[in-house]
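The file run.cif comes next; it holds mmCIF, C-alpha atoms and all ligand atoms.
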data_run
#
loop_
_atom_site.label_atom_id
_atom_site.label_comp_id
_atom_site.auth_asym_id
_atom_site.auth_seq_id
_atom_site.Cartn_x
_atom_site.Cartn_y
_atom_site.Cartn_z
CA MET H 35 0.00 0.00 0.00
CA ALA H 36 1.32 3.43 -0.91
CA SER H 37 2.24 5.04 2.38
CA SER H 38 3.42 8.35 3.68
CA GLY H 39 7.02 7.10 3.87
CA ASN H 40 7.97 9.76 1.37
CA ALA H 41 6.01 12.83 2.42
CA ASP H 42 7.69 14.82 -0.36
CA PHE H 43 5.96 12.94 -3.16
CA ASP H 44 5.46 15.02 -6.25
CA LEU H 45 2.47 17.32 -5.90
CA TYR H 46 0.82 16.39 -9.14
CA ARG H 47 2.33 13.04 -10.06
CA PRO H 48 1.39 9.92 -8.16
CA SER H 49 4.30 7.52 -7.54
CA GLU H 50 4.67 4.15 -9.23
CA GLU H 51 3.17 2.59 -6.09
CA HIS H 52 0.13 4.85 -6.42
CA ASP H 53 -0.26 3.84 -10.07
CA MET H 54 -0.10 0.15 -9.12
CA LEU H 55 -2.71 0.74 -6.44
CA ARG H 56 -4.98 2.41 -9.02
CA ASP H 57 -4.62 -0.55 -11.39
CA SER H 58 -5.52 -3.07 -8.72
CA VAL H 59 -8.49 -1.09 -7.36
CA ARG H 60 -9.76 -0.54 -10.91
CA SER H 61 -9.67 -4.28 -11.67
CA LEU H 62 -11.40 -5.11 -8.41
CA ALA H 63 -14.04 -2.38 -8.86
CA GLU H 64 -14.82 -3.47 -12.42
CA ALA H 65 -15.05 -7.15 -11.52
CA LYS H 66 -16.75 -7.09 -8.12
CA ILE H 67 -18.50 -3.72 -7.65
CA ALA H 68 -19.62 -2.49 -11.10
CA PRO H 69 -21.85 -5.54 -11.80
CA PHE H 70 -24.09 -4.58 -8.83
CA ALA H 71 -24.10 -0.79 -9.23
CA ALA H 72 -27.35 -0.50 -11.22
CA GLU H 73 -29.14 -3.02 -9.00
CA VAL H 74 -28.01 -1.29 -5.79
CA ASP H 75 -29.34 2.01 -7.19
CA GLU H 76 -32.61 0.54 -8.47
CA GLU H 77 -33.37 -1.31 -5.23
CA GLY H 78 -31.91 1.35 -2.92
CA ARG H 79 -30.04 -1.33 -1.01
CA PHE H 80 -26.69 -1.31 0.77
CA PRO H 81 -23.87 -2.52 -1.54
CA GLN H 82 -22.93 -5.54 0.56
CA GLU H 83 -20.96 -7.09 -2.33
CA ALA H 84 -18.79 -3.95 -2.44
CA LEU H 85 -18.21 -4.02 1.31
CA ASP H 86 -17.27 -7.71 1.18
CA SER H 87 -14.81 -7.28 -1.66
CA LEU H 88 -13.30 -4.09 -0.21
CA VAL H 89 -12.78 -5.81 3.15
CA ALA H 90 -11.36 -8.95 1.50
CA ASN H 91 -8.80 -6.75 -0.27
CA ASP H 92 -8.13 -4.47 2.69
CA LEU H 93 -9.49 -1.41 0.85
CA HIS H 94 -12.43 -0.49 3.12
CA ALA H 95 -10.48 1.86 5.45
CA VAL H 96 -7.00 2.21 3.98
CA HIS H 97 -6.26 5.39 5.92
CA VAL H 98 -5.96 3.64 9.31
CA PRO H 99 -2.32 3.84 10.46
CA GLU H 100 -0.26 0.65 10.53
CA SER H 101 0.28 1.05 14.27
CA TYR H 102 -3.45 0.33 14.77
CA GLY H 103 -3.57 -2.59 12.35
CA GLY H 104 -4.39 -0.58 9.24
CA ALA H 105 -2.86 -0.35 5.77
CA GLY H 106 -1.36 3.06 6.59
CA ALA H 107 -2.22 4.54 3.19
CA ASP H 108 -1.33 8.17 2.63
CA ALA H 109 -3.96 10.76 1.69
CA LEU H 110 -3.32 10.39 -2.06
CA ALA H 111 -3.60 6.59 -1.93
CA THR H 112 -6.90 6.97 -0.05
CA VAL H 113 -8.12 9.40 -2.74
CA ILE H 114 -7.19 6.92 -5.48
CA VAL H 115 -9.13 4.09 -3.80
CA ILE H 116 -12.25 6.28 -3.45
CA GLU H 117 -11.91 7.67 -6.98
CA GLU H 118 -11.68 4.21 -8.55
CA VAL H 119 -14.62 2.81 -6.60
CA ALA H 120 -16.73 5.92 -7.41
CA ARG H 121 -15.88 5.49 -11.10
CA VAL H 122 -18.15 2.43 -11.11
CA CYS H 123 -20.42 2.99 -8.07
CA ALA H 124 -20.66 6.22 -6.07
CA SER H 125 -22.69 4.59 -3.30
CA SER H 126 -19.95 2.02 -2.70
CA SER H 127 -17.26 4.70 -2.59
CA LEU H 128 -18.90 6.02 0.57
CA ILE H 129 -17.65 2.92 2.40
CA PRO H 130 -13.95 3.94 2.40
CA ALA H 131 -14.82 7.67 2.38
CA VAL H 132 -17.11 7.67 5.42
CA ASN H 133 -14.92 5.21 7.32
CA LYS H 134 -12.28 7.93 7.08
CA LEU H 135 -14.73 10.76 7.91
CA GLY H 136 -16.09 8.96 10.98
CA SER H 137 -12.76 7.81 12.39
CA LEU H 138 -10.55 10.81 11.61
CA PRO H 139 -11.67 12.71 14.75
CA VAL H 140 -10.34 9.76 16.80
CA ILE H 141 -7.11 9.67 14.78
CA LEU H 142 -6.59 13.45 15.03
CA SER H 143 -7.65 14.06 18.63
CA GLY H 144 -8.50 10.81 20.43
CA SER H 145 -6.65 9.28 23.37
CA GLU H 146 -4.34 6.35 22.77
CA GLU H 147 -6.90 4.12 24.43
CA LEU H 148 -9.72 5.26 22.12
CA LYS H 149 -7.50 4.74 19.09
CA LYS H 150 -6.65 1.19 20.13
CA ARG H 151 -10.23 0.32 20.98
CA TYR H 152 -11.90 1.67 17.84
CA LEU H 153 -9.35 1.71 15.02
CA GLY H 154 -8.44 -1.99 15.28
CA PRO H 155 -11.95 -3.32 14.52
CA LEU H 156 -12.31 -0.71 11.75
CA ALA H 157 -9.03 -1.77 10.14
CA LYS H 158 -10.00 -5.45 10.31
CA GLY H 159 -13.33 -4.80 8.65
CA ASP H 160 -15.28 -5.84 11.73
CA ALA H 161 -16.88 -2.39 12.15
CA MET H 162 -17.66 0.76 10.16
CA PHE H 163 -17.59 4.37 11.39
CA SER H 164 -20.08 7.21 10.77
CA TYR H 165 -19.84 10.95 11.43
CA CYS H 166 -22.70 12.79 13.16
CA LEU H 167 -22.51 16.57 12.89
CA SER H 168 -25.70 17.66 11.06
CA GLU H 169 -29.11 18.02 12.67
CA PRO H 170 -32.60 18.82 11.36
CA ASP H 171 -32.14 22.55 12.15
CA ALA H 172 -28.34 22.76 11.99
CA GLY H 173 -26.81 22.10 8.56
CA SER H 174 -24.55 24.83 7.15
CA ASP H 175 -24.71 26.48 10.57
CA ALA H 176 -23.57 23.39 12.47
CA VAL H 177 -22.73 25.40 15.59
CA GLY H 178 -26.50 25.77 16.05
CA MET H 179 -26.76 22.09 17.02
CA LYS H 180 -29.07 21.11 19.89
CA THR H 181 -27.84 17.61 20.80
CA LYS H 182 -26.62 17.75 24.39
CA ALA H 183 -24.13 15.75 26.39
CA VAL H 184 -24.48 16.23 30.16
CA ARG H 185 -21.87 14.97 32.58
CA ASP H 186 -23.09 12.65 35.32
CA GLY H 187 -20.23 11.31 37.46
CA ASP H 188 -18.00 9.17 35.25
CA SER H 189 -20.49 9.25 32.38
CA PHE H 190 -22.02 11.58 29.83
CA VAL H 191 -25.70 11.33 28.95
CA LEU H 192 -26.53 12.26 25.35
CA ASN H 193 -29.88 13.41 24.02
CA GLY H 194 -30.76 14.69 20.55
CA VAL H 195 -31.30 13.93 16.87
CA LYS H 196 -28.57 13.77 14.23
CA ARG H 197 -29.81 13.98 10.66
CA TRP H 198 -28.53 12.80 7.25
CA ILE H 199 -26.08 10.34 8.71
CA THR H 200 -24.37 8.29 6.02
CA ASN H 201 -24.16 4.56 6.69
CA ALA H 202 -26.32 4.96 9.83
CA GLY H 203 -27.56 1.59 10.97
CA VAL H 204 -24.75 -0.22 9.14
CA SER H 205 -21.92 1.38 11.12
CA ASP H 206 -21.10 0.12 14.60
CA TYR H 207 -19.33 3.33 15.67
CA TYR H 208 -20.48 6.97 15.49
CA THR H 209 -18.50 10.11 16.14
CA VAL H 210 -21.12 12.42 17.65
CA MET H 211 -20.69 16.15 18.17
CA ALA H 212 -22.80 17.43 21.09
CA VAL H 213 -23.14 20.59 23.18
CA THR H 214 -21.49 20.33 26.60
CA ASP H 215 -21.65 24.08 27.38
CA PRO H 216 -24.37 26.07 25.57
CA GLU H 217 -22.86 29.39 26.68
CA LYS H 218 -19.66 28.86 24.76
CA ARG H 219 -21.07 28.30 21.24
CA SER H 220 -18.47 26.47 19.11
CA LYS H 221 -16.13 26.11 22.11
CA GLY H 222 -18.93 24.44 24.05
CA ILE H 223 -19.19 21.49 21.64
CA SER H 224 -17.46 18.18 22.41
CA ALA H 225 -16.98 15.00 20.36
CA PHE H 226 -17.74 11.45 21.54
CA VAL H 227 -17.67 7.91 20.23
CA VAL H 228 -21.12 6.36 20.49
CA GLU H 229 -21.66 2.69 19.71
CA LYS H 230 -24.65 1.31 17.86
CA SER H 231 -25.16 -1.12 20.74
CA ASP H 232 -25.35 1.64 23.40
CA GLU H 233 -28.75 1.68 25.06
CA GLY H 234 -30.92 4.50 23.71
CA VAL H 235 -29.42 4.60 20.18
CA SER H 236 -31.89 4.08 17.33
CA PHE H 237 -32.29 5.04 13.67
CA GLY H 238 -34.89 6.72 11.45
CA ALA H 239 -36.26 5.37 8.18
CA PRO H 240 -33.82 5.52 5.25
CA GLU H 241 -34.15 8.80 3.31
CA LYS H 242 -35.57 8.48 -0.22
CA LYS H 243 -32.91 10.24 -2.25
CA LEU H 244 -32.20 11.46 -5.79
CA GLY H 245 -28.89 9.60 -5.96
CA ILE H 246 -26.37 7.52 -4.01
CA LYS H 247 -29.38 5.33 -3.32
CA GLY H 248 -27.22 2.43 -2.18
CA SER H 249 -25.76 4.47 0.65
CA PRO H 250 -28.08 4.48 3.65
CA THR H 251 -28.82 7.99 4.98
CA ARG H 252 -30.80 7.96 8.23
CA GLU H 253 -31.43 9.94 11.36
CA VAL H 254 -29.65 8.85 14.52
CA TYR H 255 -31.71 9.21 17.70
CA LEU H 256 -29.94 9.57 21.00
CA ASP H 257 -32.36 8.99 23.85
CA ASN H 258 -30.67 9.21 27.25
CA VAL H 259 -27.59 7.43 25.88
CA ARG H 260 -25.20 6.97 28.82
CA ILE H 261 -21.55 6.48 27.83
CA PRO H 262 -18.36 6.41 29.88
CA ALA H 263 -16.63 9.82 30.04
CA ASP H 264 -13.49 8.34 28.48
CA ARG H 265 -15.37 8.09 25.17
CA MET H 266 -14.91 11.84 24.76
CA ILE H 267 -12.59 12.57 21.83
CA GLY H 268 -9.96 15.08 22.99
CA ALA H 269 -10.66 17.64 25.69
CA GLU H 270 -14.10 19.02 26.54
CA GLY H 271 -15.02 21.91 24.23
CA THR H 272 -12.70 20.87 21.39
CA GLY H 273 -15.27 18.83 19.45
CA PHE H 274 -16.20 21.49 16.93
CA ALA H 275 -12.57 22.31 16.16
CA THR H 276 -11.91 18.58 15.65
CA ALA H 277 -15.00 18.29 13.43
CA MET H 278 -13.78 21.17 11.21
CA LYS H 279 -10.20 19.90 11.11
CA THR H 280 -11.57 16.53 10.03
CA LEU H 281 -13.50 18.15 7.15
CA ASP H 282 -10.34 19.92 5.96
CA HIS H 283 -8.91 16.47 5.24
CA THR H 284 -12.03 14.61 4.18
CA ARG H 285 -13.46 17.15 1.74
CA ILE H 286 -10.64 15.88 -0.45
CA THR H 287 -12.23 12.44 -0.37
CA ILE H 288 -15.49 13.96 -1.66
CA ALA H 289 -13.45 15.62 -4.42
CA ALA H 290 -12.12 12.11 -5.16
CA GLN H 291 -15.64 10.71 -5.27
CA ALA H 292 -16.72 13.49 -7.65
CA LEU H 293 -13.67 12.89 -9.81
CA GLY H 294 -14.42 9.17 -10.02
CA ILE H 295 -18.05 9.76 -10.97
CA ALA H 296 -16.99 12.22 -13.70
CA GLN H 297 -14.34 9.85 -15.06
CA GLY H 298 -16.84 6.97 -15.13
CA ALA H 299 -19.28 9.11 -17.14
CA LEU H 300 -16.60 10.26 -19.60
CA ASP H 301 -15.30 6.72 -20.08
CA TYR H 302 -18.79 5.44 -20.83
CA ALA H 303 -19.67 8.31 -23.19
CA LYS H 304 -16.35 7.94 -25.03
CA GLY H 305 -17.16 4.35 -25.92
CA TYR H 306 -20.79 5.08 -26.77
CA VAL H 307 -20.12 7.82 -29.34
CA LYS H 308 -17.89 5.47 -31.33
CA GLU H 309 -20.69 2.89 -31.59
CA ARG H 310 -23.72 5.13 -32.13
CA LYS H 311 -24.29 5.94 -35.79
CA GLN H 312 -26.37 8.83 -37.16
CA PHE H 313 -26.23 10.41 -40.62
CA GLY H 314 -24.35 7.31 -41.77
CA LYS H 315 -21.37 7.60 -39.44
CA PRO H 316 -20.39 7.27 -35.79
CA ILE H 317 -21.43 10.41 -33.91
CA ALA H 318 -17.80 10.54 -32.63
CA ASP H 319 -16.90 11.83 -36.12
CA PHE H 320 -18.82 15.07 -35.55
CA GLN H 321 -16.70 17.93 -34.32
CA GLY H 322 -19.50 19.16 -32.01
CA ILE H 323 -19.28 15.84 -30.15
CA GLN H 324 -15.46 15.86 -30.13
CA PHE H 325 -15.41 19.35 -28.58
CA MET H 326 -17.77 18.22 -25.81
CA LEU H 327 -15.52 15.25 -25.01
CA ALA H 328 -12.43 17.48 -25.05
CA ASP H 329 -14.04 19.90 -22.59
CA MET H 330 -15.10 17.05 -20.30
CA ALA H 331 -11.59 15.57 -20.28
CA MET H 332 -10.01 19.00 -19.70
CA LYS H 333 -12.23 19.73 -16.71
CA ILE H 334 -11.53 16.30 -15.20
CA SER H 335 -7.77 16.82 -15.59
CA ALA H 336 -8.00 20.17 -13.80
CA ALA H 337 -10.14 18.65 -11.00
CA ARG H 338 -7.67 15.78 -10.62
CA ALA H 339 -4.69 18.14 -10.35
CA LEU H 340 -6.44 20.19 -7.66
CA THR H 341 -7.57 17.08 -5.78
CA TYR H 342 -4.14 15.42 -5.79
CA GLN H 343 -2.50 18.70 -4.80
CA ALA H 344 -4.93 18.95 -1.87
CA ALA H 345 -4.19 15.32 -0.93
CA ALA H 346 -0.50 16.16 -0.79
CA ALA H 347 -1.31 19.19 1.40
CA SER H 348 -3.39 16.93 3.67
CA GLU H 349 -0.55 14.43 3.96
CA ARG H 350 1.96 17.14 4.85
CA GLY H 351 -0.47 19.11 7.03
CA ASP H 352 0.16 22.30 5.04
CA ALA H 353 -0.93 25.61 6.53
CA ASP H 354 -3.29 26.27 3.60
CA LEU H 355 -5.05 22.89 3.84
CA THR H 356 -8.43 24.48 4.71
CA TYR H 357 -8.40 26.44 1.46
CA GLN H 358 -7.04 23.51 -0.57
CA GLY H 359 -9.61 21.02 0.71
CA ALA H 360 -12.52 23.40 0.08
CA ALA H 361 -11.22 24.33 -3.40
CA ALA H 362 -10.76 20.70 -4.44
CA LYS H 363 -14.20 19.63 -3.20
CA CYS H 364 -15.98 22.63 -4.72
CA PHE H 365 -14.25 22.45 -8.09
CA ALA H 366 -14.34 18.67 -8.53
CA SER H 367 -18.02 18.45 -7.57
CA ASP H 368 -19.00 21.22 -9.98
CA VAL H 369 -17.01 19.39 -12.68
CA ALA H 370 -18.76 16.12 -11.82
CA MET H 371 -22.17 17.76 -12.26
CA GLU H 372 -21.18 19.34 -15.60
CA VAL H 373 -19.46 16.25 -16.99
CA THR H 374 -22.23 13.81 -16.04
CA THR H 375 -24.87 16.16 -17.51
CA ASP H 376 -22.86 16.30 -20.73
CA ALA H 377 -22.50 12.51 -20.73
CA VAL H 378 -26.30 12.18 -20.62
CA GLN H 379 -26.47 14.64 -23.52
CA LEU H 380 -23.97 12.61 -25.55
CA LEU H 381 -26.16 9.52 -25.22
CA GLY H 382 -29.26 11.45 -26.34
CA GLY H 383 -32.57 9.85 -25.34
CA TYR H 384 -30.79 6.68 -24.24
CA GLY H 385 -28.78 8.69 -21.75
CA TYR H 386 -31.99 9.75 -20.06
CA THR H 387 -32.96 6.17 -19.21
CA ARG H 388 -31.83 3.71 -16.58
CA ASP H 389 -30.72 1.32 -19.31
CA TYR H 390 -27.42 3.23 -19.35
CA PRO H 391 -25.28 4.17 -16.36
CA VAL H 392 -24.82 7.89 -17.08
CA GLU H 393 -28.30 8.74 -15.78
CA ARG H 394 -27.32 7.25 -12.38
CA MET H 395 -23.98 9.03 -12.48
CA MET H 396 -25.68 12.38 -13.06
CA ARG H 397 -28.00 11.81 -10.09
CA ASP H 398 -25.09 10.61 -7.93
CA ALA H 399 -22.93 13.62 -8.85
CA LYS H 400 -25.40 16.11 -7.36
CA ILE H 401 -24.74 15.12 -3.75
CA THR H 402 -21.05 15.98 -4.04
CA GLN H 403 -22.07 19.65 -4.35
CA ILE H 404 -24.07 19.39 -1.11
CA TYR H 405 -22.49 17.27 1.61
CA GLU H 406 -19.47 17.97 3.78
CA GLY H 407 -20.57 21.57 3.34
CA THR H 408 -22.48 22.89 0.32
CA ASN H 409 -20.47 24.54 -2.43
CA GLN H 410 -21.72 27.91 -1.19
CA VAL H 411 -20.18 27.06 2.17
CA GLN H 412 -16.95 25.96 0.43
CA ARG H 413 -16.79 29.38 -1.19
CA ILE H 414 -17.24 31.02 2.21
CA VAL H 415 -14.43 28.83 3.58
CA MET H 416 -12.15 29.69 0.63
CA ALA H 417 -12.91 33.41 0.88
CA ARG H 418 -11.96 33.38 4.58
CA ASN H 419 -8.73 31.51 3.85
CA LEU H 420 -7.56 33.02 0.58
CA PRO H 421 -4.00 31.97 -0.31
C1 LIG H 501 -27.19 12.15 1.29
C2 LIG H 501 -26.62 12.98 2.40
C3 LIG H 501 -25.64 12.45 3.23
C4 LIG H 501 -25.13 13.20 4.29
N1 LIG H 501 -24.22 12.64 5.16
C5 LIG H 501 -23.91 13.31 6.30
C6 LIG H 501 -23.15 12.66 7.33
O1 LIG H 501 -22.74 11.50 7.20
N2 LIG H 501 -22.90 13.34 8.48
C7 LIG H 501 -23.34 14.62 8.67
O2 LIG H 501 -23.08 15.18 9.73
N3 LIG H 501 -24.05 15.27 7.71
C8 LIG H 501 -24.35 14.64 6.54
N4 LIG H 501 -25.10 15.27 5.57
C9 LIG H 501 -25.57 16.63 5.81
C10 LIG H 501 -24.97 17.67 4.86
O3 LIG H 501 -23.65 17.91 5.21
C11 LIG H 501 -25.88 18.90 4.91
O4 LIG H 501 -27.06 18.56 4.21
C12 LIG H 501 -25.23 20.13 4.34
O5 LIG H 501 -24.18 20.56 5.14
C13 LIG H 501 -26.22 21.28 4.14
O6 LIG H 501 -27.00 21.49 5.26
P1 LIG H 501 -28.60 21.61 5.09
O7 LIG H 501 -29.05 20.43 4.32
O8 LIG H 501 -29.19 21.83 6.43
O9 LIG H 501 -28.80 22.87 4.18
P2 LIG H 501 -28.92 24.42 4.67
O10 LIG H 501 -27.80 24.75 5.59
O11 LIG H 501 -30.31 24.66 5.16
O12 LIG H 501 -28.71 25.16 3.30
C14 LIG H 501 -29.76 25.42 2.35
C15 LIG H 501 -29.17 26.27 1.23
O13 LIG H 501 -28.74 27.53 1.77
C16 LIG H 501 -27.38 27.75 1.44
N5 LIG H 501 -26.73 28.51 2.51
C17 LIG H 501 -26.76 28.27 3.85
N6 LIG H 501 -26.03 29.18 4.50
C18 LIG H 501 -25.52 30.01 3.57
C19 LIG H 501 -24.68 31.17 3.61
N7 LIG H 501 -24.19 31.64 4.76
N8 LIG H 501 -24.38 31.79 2.45
C20 LIG H 501 -24.84 31.33 1.26
N9 LIG H 501 -25.64 30.24 1.16
C21 LIG H 501 -25.96 29.59 2.31
C22 LIG H 501 -26.79 26.37 1.26
O14 LIG H 501 -25.60 26.40 0.48
C23 LIG H 501 -27.93 25.65 0.57
O15 LIG H 501 -27.92 25.95 -0.80
C24 LIG H 501 -25.59 14.53 4.47
C25 LIG H 501 -26.54 15.07 3.61
C26 LIG H 501 -27.08 14.31 2.60
C27 LIG H 501 -28.16 14.90 1.72
#
Kindly transcribe the structure held in the file into C-alpha cells.
Amino acid sequence: MASSGNADFDLYRPSEEHDMLRDSVRSLAEAKIAPFAAEVDEEGRFPQEALDSLVANDLHAVHVPESYGGAGADALATVIVIEEVARVCASSSLIPAVNKLGSLPVILSGSEELKKRYLGPLAKGDAMFSYCLSEPDAGSDAVGMKTKAVRDGDSFVLNGVKRWITNAGVSDYYTVMAVTDPEKRSKGISAFVVEKSDEGVSFGAPEKKLGIKGSPTREVYLDNVRIPADRMIGAEGTGFATAMKTLDHTRITIAAQALGIAQGALDYAKGYVKERKQFGKPIADFQGIQFMLADMAMKISAARALTYQAAAASERGDADLTYQGAAAKCFASDVAMEVTTDAVQLLGGYGYTRDYPVERMMRDAKITQIYEGTNQVQRIVMARNLP
C-alpha cells in the first residue's frame, strides 16, 4: 500500500506505487462492484458485495495507520481508492470515504486508548464508522446544534437527533458532536464515540434520495444514551474544532468521489459515441461531439490536479489545507455535475434512461455539491482563507 514514507511525493504526479494501487483497485471495482451498481441504485439497497470485496482486499479503510492494524495509506492513496470505486459505483465509494470521515476525529484528537479500541476493529473490517454533525435545524450552521451531552459522574448522557447520517444503521461506531456548554457556542461542543449497541441509540427510516441510493442515509436518535466519560474525543469543548479539522482532510475524499463519478461518465460516453451511428457515421466523427468530449476531459484533468495537490497538502499538514480542501471539493463536484450532464447529452434519449449508467452518475454527482458543506459554504471557507 502506498504510504506516507515519502512525504515529499510530487504534488501532481502519483508515484509508481500509487499507479499500481490504481490498477488493482480498478480491476477489483470493475469485476466485483460495477456488476451490482445499477441493482443497488434501483433497489436502494446497501452494496454488501462492495463491502465484502473491499474488506477482503483491505481497501475499506485504507487510511488507518499501521500502528493500529491498518494499511497506513497516505492521503493520495486513499483518494485513489475512493476515486476508482466511485468510477463504477458512487454509493460504494462512501464505504472507504465515510470510514475515514467517521474515524478521523479519533485519529486526530482521540486518546491512545480510544485509538486502540476503535481503530483496530475498523481496520479489520469488523466495524464501520459514521460521522454525526448535522441536525434537522443545523446544517450549514452546524454550531447551532441542539444535541446535548451532560456529565453525570464518570459518564455523559446524550440526548438529541442527528440527521442525514451516512451509513447509519450499518456502522457500529459513530463520532457524535454534542453541546457540553451552551454558553460557549463552538467552544462548548465536544466529540464522543457512540456505539450502535449503546442503550438509547436508534435510527430513522432511510431517506428516499435522488442519488447515491445504495448508501443508507438515516437519522440517529440519542435517547438518554449513557456512555463512559473516556469516550470523549480530545478535551471538553474541542469537538467542533476537531470536526472542522476533520472536514479539511475529508473534503478531499469527496473531491475524489466526484472525480471518479466524472471519469466513469466520460469513459462510458467515449465508448458510446464510437458505436452510435447517425447520418451514416459514428457520432464521434462530428466535431461538435469531439469538442464536448475534449471539454469534459479537460475539466476532469483540472479537477484531478487540484484534488491530488490537496491530498499532498493533507498528507503534509500544510498551513493552507483548509483552502485547498474546500477548493478541491468545490471544483471537482462542480465538474462532476457538468461532466455527467454532458454525458447524458452525448447519449441522447438513451442517456436519459436507466438502461445506461450515465443517468445514475448524473443523479449521484449532485450530492457531491451538497455534503461535507455545500459549495456555497466551500466558497465562504475559501474566501476566509484566501492563499
Ligand atoms: C445524502 C446525504 C448524506 C449526508 N451525510 C452526512 C453525514 O454522514 N454526516 C453529517 O453530519 N451530515 C451529513 N449530511 C448533511 C450535509 O452535510 C448537509 O445537508 C449540508 O451541510 C447542508 O445542510 P442543510 O441540508 O441543512 O442545508 P442548509 O444549511 O439549510 O442550506 C440550504 C441552502 O442555503 C445555502 N446557505 C446556507 N447558508 C448560507 C450562507 N451563509 N451563504 C450562502 N448560502 C448559504 C446552502 O448552500 C444551501 O444551498 C448529508 C446530507 C445528505 C443529503
Surrounding residues as a ChimeraX atom specification, ligand LIG 501 (chain H), max 10 Å, all atoms listed in the file: /H:125,128,132,135-136,163-176,196-202,208-211,241-247,249-253,277,398,400-414
So for range 228-231 of chain H, what box centre and size do we get, axis-aligned, 3 Å extra on each of the six sides, every listed atom, Å to one decimal, as JSON?
{"center_x": -23.1, "center_y": 2.6, "center_z": 19.3, "size_x": 10.0, "size_y": 13.5, "size_z": 8.9}
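The coordinates place CA of Pro262 in chain H at 9.8 Å from CA of Val228 in chain H.
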Counting all atoms listed in the file, which residue out of H:Glu229, H:Ala337, H:Val213, H:Val115 sits closest to Asp53 in chain H? H:Val115
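For the atom pair formed by CA of Ile267 in chain H and CA of Ile286 in chain H, the distance is 22.6 Å, given to one decimal.
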Spatial neighbours of Ile223 in chain H, 9 Å, only C-alpha atoms, chain gap at least 5 places, as a ChimeraX atom specification: /H:177,179,182-183,211-216,218,270-275
Skipping near chain neighbours, those fewer than 5 positions away, what residues fall within 9 Å of Arg60 in chain H using all atoms listed in the file, listed as number ranges by chain? H: 55, 65, 115, 118-119, 121-122
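The residue that comes closest to Ala131 in chain H, out of H:Glu146, H:Glu50, H:Ala292, H:Asn193 and on the basis of only C-alpha atoms, is H:Ala292.
Between Asp368 in chain H and the candidates H:Leu153, H:Ala289, H:Ala331, H:Ala225, the tightest atom-to-atom separation, counting all atoms listed in the file, involves H:Ala289.
The smallest atom-to-atom distance between Gly159 in chain H and any of H:Val74, H:Met326, H:Ala345, H:Leu93, using all atoms listed in the file, is found for H:Leu93.
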CA of Phe325 in chain H and CA of Val369 in chain H, how far apart in Å? 16.0 Å
Check which residues of range 169-287 of chain H sit at most 12 Å from range 95-102 of chain H using all atoms listed in the file, and return one row each with the closest pair of atoms and their distance in Å to one decimal, ordered by chain and rising number, as a Markdown table.
| residue | atom | partner | partner_atom | distance |
| --- | --- | --- | --- | --- |
| H:His283 | CA | H:His97 | CA | 11.4 |
| H:Thr284 | CA | H:His97 | CA | 11.0 |
| H:Thr287 | CA | H:His97 | CA | 11.2 |
Shell around Ala71 in chain H at 9 Å using all atoms listed in the file, local window under 2 positions removed, as a ChimeraX atom specification: /H:67-69,73-76,81,122-126,248,391
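Remark: for Leu380 in chain H, the closest of the candidate residues H:Arg185, H:Arg310, H:Arg151, H:Lys66 is H:Arg310 (distances computed over all atoms listed in the file).
Each of H:Ala290, H:Val259, H:Leu110, H:Leu281 was checked against Phe190 in chain H using only C-alpha atoms; the smallest atom-to-atom distance is that of H:Val259.
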Hey, which bits of range 67-127 of chain H sit within 12 Å of range 346-366 of chain H, and for each residue what's the closest pair of atoms and how far apart in Å (one decimal), counting all atoms listed in the file, rows by chain and increasing number, as a tab-separated table?
residue	atom	partner	partner_atom	distance
H:His97	CA	H:Glu349	CA	10.9
H:Gly106	CA	H:Glu349	CA	11.7
H:Ala107	CA	H:Glu349	CA	10.1
H:Asp108	CA	H:Glu349	CA	6.4
H:Ala109	CA	H:Glu349	CA	5.5
H:Leu110	CA	H:Ala346	CA	6.5
H:Ala111	CA	H:Ala346	CA	10.1
H:Thr112	CA	H:Glu349	CA	10.6
H:Val113	CA	H:Ala346	CA	10.4
H:Glu117	CA	H:Ala366	CA	11.4
So that I have them on file, write out the residues from the current selection with C-alpha atoms, as a compact mmCIF listing (two decimals), in the coordinates of the input.
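The result, stored in out.txt:
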# COMPACT_ATOMS: atom_id res chain seq x y z
CA HIS H 97 -6.26 5.39 5.92
CA GLY H 106 -1.36 3.06 6.59
CA ALA H 107 -2.22 4.54 3.19
CA ASP H 108 -1.33 8.17 2.63
CA ALA H 109 -3.96 10.76 1.69
CA LEU H 110 -3.32 10.39 -2.06
CA ALA H 111 -3.60 6.59 -1.93
CA THR H 112 -6.90 6.97 -0.05
CA VAL H 113 -8.12 9.40 -2.74
CA GLU H 117 -11.91 7.67 -6.98
